[in-house]
Structure formats: C-alpha cells, structure tokens
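Comments concern the structure below.
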Amino acid sequence: GQNIDQPTEMTATEGAIVQINCTYQTSGFNGLFWYQQHAGEAPTFLSYNVLDGLEEKGRFSSFLSRSKGYSYLLLKELQMKDSASYLCAVRNSGYALNFGKGTSLLVTP
Amino acid sequence: DGGITQSPKYLFRKEGQNVTLSCEQNLNHDAMYWYRQDPGQGLRLIYYSQIVNDFQKGDIAEGYSVSREKKESFPLTVTSAQKNPTAFYLCASTYSHTATNEKLFFGSGTQLSVL
C-alpha cells in the first residue's frame, strides 16, 4: 500500500519563506518528486530527491529523509506567482509515480 | 518544439455515451500515462503503457480503456460504465518507464463534464 500526506492549504506573505511538508509510507522507494500546478494547468516539475539531504535550485529547495519517510519543499522570497498547488509524488518499486493530494499555497501581499 | 498535446481542452459526455480523449507526444518517449484529478484530490493513475502494443491498469482502471498502436499516441476512452467521469484528465510521458529519475512530462489536460 501507499500513503502520502501533505497539508491541504497554506498561506504566506510575499517575500517570506514557506516550507511544505510531505510524509510517505510506501512499498519500495525509487525517489520523490515535487511538482507545481496552477489551476486548470498541467503540473510542472520542480525537484527530484532520491538520496538523503537538501537539493537547492534557485528559490526552491527540497529535502529528503528516507529513514523518516519525510520530505519538504522550501520556497524562499515568495512571489505572488508562487500561488499554486504543490504536489508531492513518490516513485515506488513498481516505477509508477504516486501523488499526494497536493498543498494549495496562497501568497498574500 | 517537442511536447504533449491533449485534445479537446473541454469535453461533454451524455448519459450512456463513450468518449475518447486524445493524447499525442513528439518527444520520442516510450512510456505514457493517464491520470485523473478530482478537486481536492491528488492525481490517480488510470492506465500506463511502457511500450507500443502494451499497457497496464493503474489504480482506477474500471470504466476506462486505452490503446497504444503507435509510440506517439495513447488515447483514453471513458466508457458508459464509468459512472462518475467528471474530472480533469492528464496525460503524461517519460523517456523510459524503468529509469528511476525520470520525471513526468504532462499535457495541458482535458476537463470532462457530464451533461
């Protein structure tokens, strides 16, 4: 079985930092992905982690702890355009990508 | 430019009708996928195909059918057996189904509604 949990909604202020958490329980593990999705649009790839630690890519960073079944996406210097849903997805031993329900982030002025 | 094209953007289905959603890619990807997205829900896997003339059921395949006669095309048919078809349907592809670091490339989606 597989279980991926993320907060449903978060609100943050423009210019601030926000951390979106994701916990998972999965049979087999072949990596964790973060995607951004604006309403009515396709998800776009943000990051991939397969080893423990922090991956930094511009304003976005992603962290993974395999032993804890835990990841987070860190967004710095928030901009209004960062208002979107953020999807955590885990690739299990069957190579399929399984998605959490997503976290809707609202950035306010 | 390479990419994935889904059509139509919006589709309406009448009671008892089958409808087909189109997905075409020119990325030369072997693997293709269909996901369904409901409001407040994550993406759920309907079907996937690793190679031409082969496909497997995902988590919610009942009421759907697919074909993979060409590498570029992976159409999804929503049959009359699918009693709750209203959702946002996303097609995706990867170069290889077995490479673990392969990210999904998504089409722009089709919103299906029931009349």
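In the structure tokens, chains take letters A, B, ... by order of appearance, with residues numbered from 1 within each chain and ligands from 1 in the order shown.
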### Task
Show which residues sit within 12 Å of range 64-72 of chain B, as a PyMOL selection string. Count only C-alpha atoms, and ignore same-chain residues fewer than 3 positions away.
chain B and resi 2-6+18-36+45-61+75-85+89+91-95
Any chance you could tabulate, as a tab-separated table, the residues of chain A at most 12 Å from chain B with each one's nearest atom pair and distance in Å to one decimal, using only C-alpha atoms, in chain and rising number order?
```
residue	atom	partner	partner_atom	distance
A:Gly1	CA	B:Asp59	CA	11.1
A:Gln2	CA	B:Asp59	CA	11.3
A:Asn3	CA	B:Gly42	CA	11.5
A:Ile4	CA	B:Gly42	CA	9.7
A:Asp5	CA	B:Gly42	CA	10.3
A:Gln6	CA	B:Gly42	CA	10.3
A:Pro7	CA	B:Gly40	CA	11.3
A:Thr8	CA	B:Gly40	CA	8.0
A:Glu9	CA	B:Gly40	CA	10.2
A:Gly28	CA	B:Thr100	CA	11.8
A:Phe29	CA	B:Thr100	CA	9.4
A:Asn30	CA	B:Thr100	CA	5.8
A:Gly31	CA	B:Thr100	CA	6.9
A:Leu32	CA	B:Asn101	CA	9.0
A:Phe33	CA	B:Lys103	CA	7.8
A:Trp34	CA	B:Lys103	CA	9.9
A:Tyr35	CA	B:Leu104	CA	9.6
A:Gln36	CA	B:Phe106	CA	11.6
A:Gln37	CA	B:Phe106	CA	10.7
A:His38	CA	B:Ser108	CA	10.9
A:Ala39	CA	B:Pro39	CA	10.3
A:Gly40	CA	B:Gly109	CA	7.7
A:Glu41	CA	B:Ser108	CA	5.7
A:Ala42	CA	B:Ser108	CA	4.8
A:Pro43	CA	B:Phe106	CA	6.6
A:Thr44	CA	B:Phe106	CA	7.5
A:Phe45	CA	B:Lys103	CA	7.1
A:Leu46	CA	B:Lys103	CA	9.6
A:Ser47	CA	B:Lys103	CA	9.0
A:Tyr48	CA	B:Asn101	CA	7.3
A:Asn49	CA	B:Asn101	CA	8.6
A:Val50	CA	B:Asn101	CA	8.1
A:Leu51	CA	B:Asn101	CA	11.4
A:Ser85	CA	B:Gly40	CA	10.1
A:Tyr86	CA	B:Gly42	CA	10.3
A:Leu87	CA	B:Gly42	CA	7.7
A:Cys88	CA	B:Gly42	CA	9.1
A:Ala89	CA	B:Leu43	CA	9.3
A:Val90	CA	B:Thr100	CA	10.5
A:Arg91	CA	B:Thr100	CA	7.4
A:Asn92	CA	B:Thr100	CA	9.1
A:Ser93	CA	B:Thr100	CA	9.2
A:Gly94	CA	B:Thr98	CA	8.6
A:Tyr95	CA	B:Thr98	CA	6.2
A:Ala96	CA	B:His97	CA	8.1
A:Leu97	CA	B:Leu45	CA	8.3
A:Asn98	CA	B:Arg44	CA	7.3
A:Phe99	CA	B:Leu43	CA	5.7
A:Gly100	CA	B:Gly42	CA	5.2
A:Lys101	CA	B:Gly42	CA	3.6
A:Gly102	CA	B:Gly42	CA	6.0
A:Thr103	CA	B:Gly40	CA	9.1
A:Ser104	CA	B:Gly40	CA	9.2
```
### Task
Name the residues of range 20-97 of chain A that come out as strand (DSSP E or B) in a backbone DSSP run; write them as a count of residues only.
45
## Note on the structure
From CA of Met80 in chain A to CA of Asn21 in chain A the spacing works out at 20.3 Å
### Interatomic distance (Å, one decimal) between CA of Tyr72 in chain A and CA of Leu54 in chain A
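Those two atoms sit 9.3 Å apart.
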### Spatial neighbours of Thr11 in chain A, 12 Å, only C-alpha atoms, chain gap at least 5 places, as a ChimeraX atom specification
/A:16-20,78,80,82-85,103-109
Residues of the last selection are to be written out with N, CA and C atoms, as a compact mmCIF listing (two decimals), in the first residue's frame.
```
# COMPACT_ATOMS: atom_id res chain seq x y z
N ALA A 16 8.32 36.26 1.97
CA ALA A 16 8.63 35.38 3.10
C ALA A 16 9.16 34.02 2.60
N ILE A 17 9.38 33.12 3.57
CA ILE A 17 9.80 31.75 3.29
C ILE A 17 8.68 30.81 3.75
N VAL A 18 8.39 29.77 2.98
CA VAL A 18 7.39 28.80 3.39
C VAL A 18 7.94 27.39 3.17
N GLN A 19 7.57 26.49 4.09
CA GLN A 19 8.01 25.09 4.00
C GLN A 19 6.77 24.20 3.89
N ILE A 20 6.71 23.40 2.85
CA ILE A 20 5.60 22.48 2.63
C ILE A 20 6.10 21.07 2.90
N LEU A 78 9.15 34.59 -1.51
CA LEU A 78 7.89 34.27 -2.17
C LEU A 78 7.41 35.41 -3.06
N MET A 80 4.02 36.54 -5.80
CA MET A 80 2.59 36.29 -5.99
C MET A 80 2.37 35.12 -6.96
N ASP A 82 3.84 32.46 -7.14
CA ASP A 82 4.04 31.16 -6.49
C ASP A 82 2.74 30.59 -5.92
N SER A 83 1.67 31.37 -5.95
CA SER A 83 0.35 30.84 -5.54
C SER A 83 -0.05 29.73 -6.50
N ALA A 84 -0.15 28.51 -5.97
CA ALA A 84 -0.39 27.33 -6.80
C ALA A 84 -0.56 26.13 -5.87
N SER A 85 -0.84 24.99 -6.47
CA SER A 85 -0.81 23.73 -5.71
C SER A 85 0.55 23.09 -5.88
N THR A 103 -0.85 20.49 -1.90
CA THR A 103 -0.99 21.58 -0.94
C THR A 103 -1.25 22.86 -1.71
N SER A 104 -2.38 23.51 -1.43
CA SER A 104 -2.72 24.76 -2.09
C SER A 104 -2.08 25.92 -1.32
N LEU A 105 -1.15 26.62 -1.97
CA LEU A 105 -0.45 27.74 -1.34
C LEU A 105 -1.00 29.06 -1.85
N LEU A 106 -1.37 29.92 -0.92
CA LEU A 106 -1.82 31.27 -1.27
C LEU A 106 -0.79 32.27 -0.76
N VAL A 107 -0.26 33.06 -1.68
CA VAL A 107 0.69 34.11 -1.32
C VAL A 107 -0.05 35.44 -1.28
N THR A 108 0.01 36.13 -0.14
CA THR A 108 -0.71 37.39 0.02
C THR A 108 0.25 38.58 0.02
N PRO A 109 -0.23 39.75 -0.39
CA PRO A 109 0.65 40.94 -0.44
C PRO A 109 1.12 41.35 0.95
```
### Task
Tell me, in Å to one decimal, how far CA of Gly69 in chain A is from CA of Thr23 in chain A.
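Taking CA of Gly69 in chain A and CA of Thr23 in chain A, their separation equals 5.6 Å.
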